[in-house]
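Read the structure below first, then the notes.
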Amino acid sequence: MKNTTYTDIVELVLALTKSYELDGIFDKFKLDGLLQLLSPYFKFAAGELEITDSGINTERDENIYEFTSTLTDGEQLIFAKYVLIGYLTKDKNDILQARLHLQDGDFKTYAEKNMLEAKTSALEILKEEVGWNVTKSGYKNTNVWGI
């Protein structure tokens, strides 16, 4: 079996979300642009999985954009969700930062407010979902019945 590549994870990230920024980067710079943009979020995902003591092997070779092992489909999905959480958190913080720099009158339209609330809600749901995924995968590795 071949090692899991960053491309495998990026494909899942793209399947999980619709982002005009990601689409634009792909159109202009192809896969290399997306890999460069999302690479920091791979560290974020690996750190989150380490903190939760998930047992998922997140060791990677950043030079060849590849993991040092083969991740299962479930592990890839969990990793992709954490990459997406990192990306969406940055996106949400960018909107909040823009709001701080604009005068109140410039930011009073309902569209921006609703967009921020929707992104915040989606991010919280994704965090709960991935937390449940990690917990559920941990149960599989524990023999609680002593059988």
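All residue names refer to the structure tokens as shown: chains lettered A, B, ... in order, residues numbered from 1 in each chain, ligands numbered from 1 in order.
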
So which residues touch Tyr41 in chain A within 6 Å, counting only C-alpha atoms, skipping near sequence neighbours fewer than 3 positions away, as a PDB file with N, CA and C atoms, in the first residue's frame?
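As written to disk, out-v8.pdb reads:
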```pdb
ATOM      1  N   LEU A  38      -3.000  25.160   2.056  1.00  0.00           N
ATOM      2  CA  LEU A  38      -3.543  24.331   3.128  1.00  0.00           C
ATOM      3  C   LEU A  38      -2.479  23.657   4.003  1.00  0.00           C
ATOM      4  N   PHE A  44      -2.058  22.140  11.951  1.00  0.00           N
ATOM      5  CA  PHE A  44      -3.163  22.377  12.865  1.00  0.00           C
ATOM      6  C   PHE A  44      -3.903  21.066  13.129  1.00  0.00           C
ATOM      7  N   VAL A  83      -8.432  19.885   9.103  1.00  0.00           N
ATOM      8  CA  VAL A  83      -7.852  20.863   8.168  1.00  0.00           C
ATOM      9  C   VAL A  83      -8.898  21.922   7.854  1.00  0.00           C
ATOM     10  N   GLY A  86      -9.460  24.370  10.746  1.00  0.00           N
ATOM     11  CA  GLY A  86      -8.417  25.389  10.778  1.00  0.00           C
ATOM     12  C   GLY A  86      -8.633  26.457   9.722  1.00  0.00           C
TER      13      GLY A  86
END
```

For each of A:Ala15, A:Ile125, A:Met115, A:Ala45, take the minimum atom-to-atom distance to Phe79 in chain A, counting only C-alpha atoms, then give the residue where this is smallest.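 Smallest distance to Phe79 in chain A is found for A:Ala45.
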
Expected answer as a ChimeraX atom specification: alpha helix (DSSP H) residues in range 16-123 of chain A: /A:16,20-51,73-101,110-123

Do you have the CA of Asn3 in chain A-CA of Ser69 in chain A distance handy?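 For CA of Asn3 in chain A relative to CA of Ser69 in chain A, the distance reads 4.8 Å.
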
Among listed residues A:Ser54, A:Lys113, A:Leu22, A:Ile9, nearest Glu66 in chain A (using only C-alpha atoms):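 Among the listed residues, A:Ile9 lies closest to Glu66 in chain A.
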
CA of Ser137 in chain A to CA of Tyr87 in chain A, distance in Å rounded to a single decimal: 23.4 Å

Considering only C-alpha atoms, can you say which of A:Leu77, A:Leu16, A:Ile25, A:Leu123 comes closest to Lys90 in chain A?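 Of A:Leu77, A:Leu16, A:Ile25, A:Leu123, the one nearest Lys90 in chain A, counting only C-alpha atoms, is A:Leu123.
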
Atomic distance CA of Glu75 in chain A - CA of Leu14 in chain A, expressed in Å with one decimal: 16.4 Å

Counting only C-alpha atoms, which residue out of A:Met1, A:Ile85, A:Ala46, A:Val10 sits closest to Val130 in chain A? A:Ile85

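Residue nearest Ser39 in chain A, chosen from A:Asp23, A:Glu59, A:Thr17, A:Tyr6 and counting only C-alpha atoms: A:Tyr6.
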
Between A:Gln76, A:Asn114, A:Thr7, A:Thr89, which one has atoms that come closest to Leu49 in chain A, using only C-alpha atoms? A:Gln76
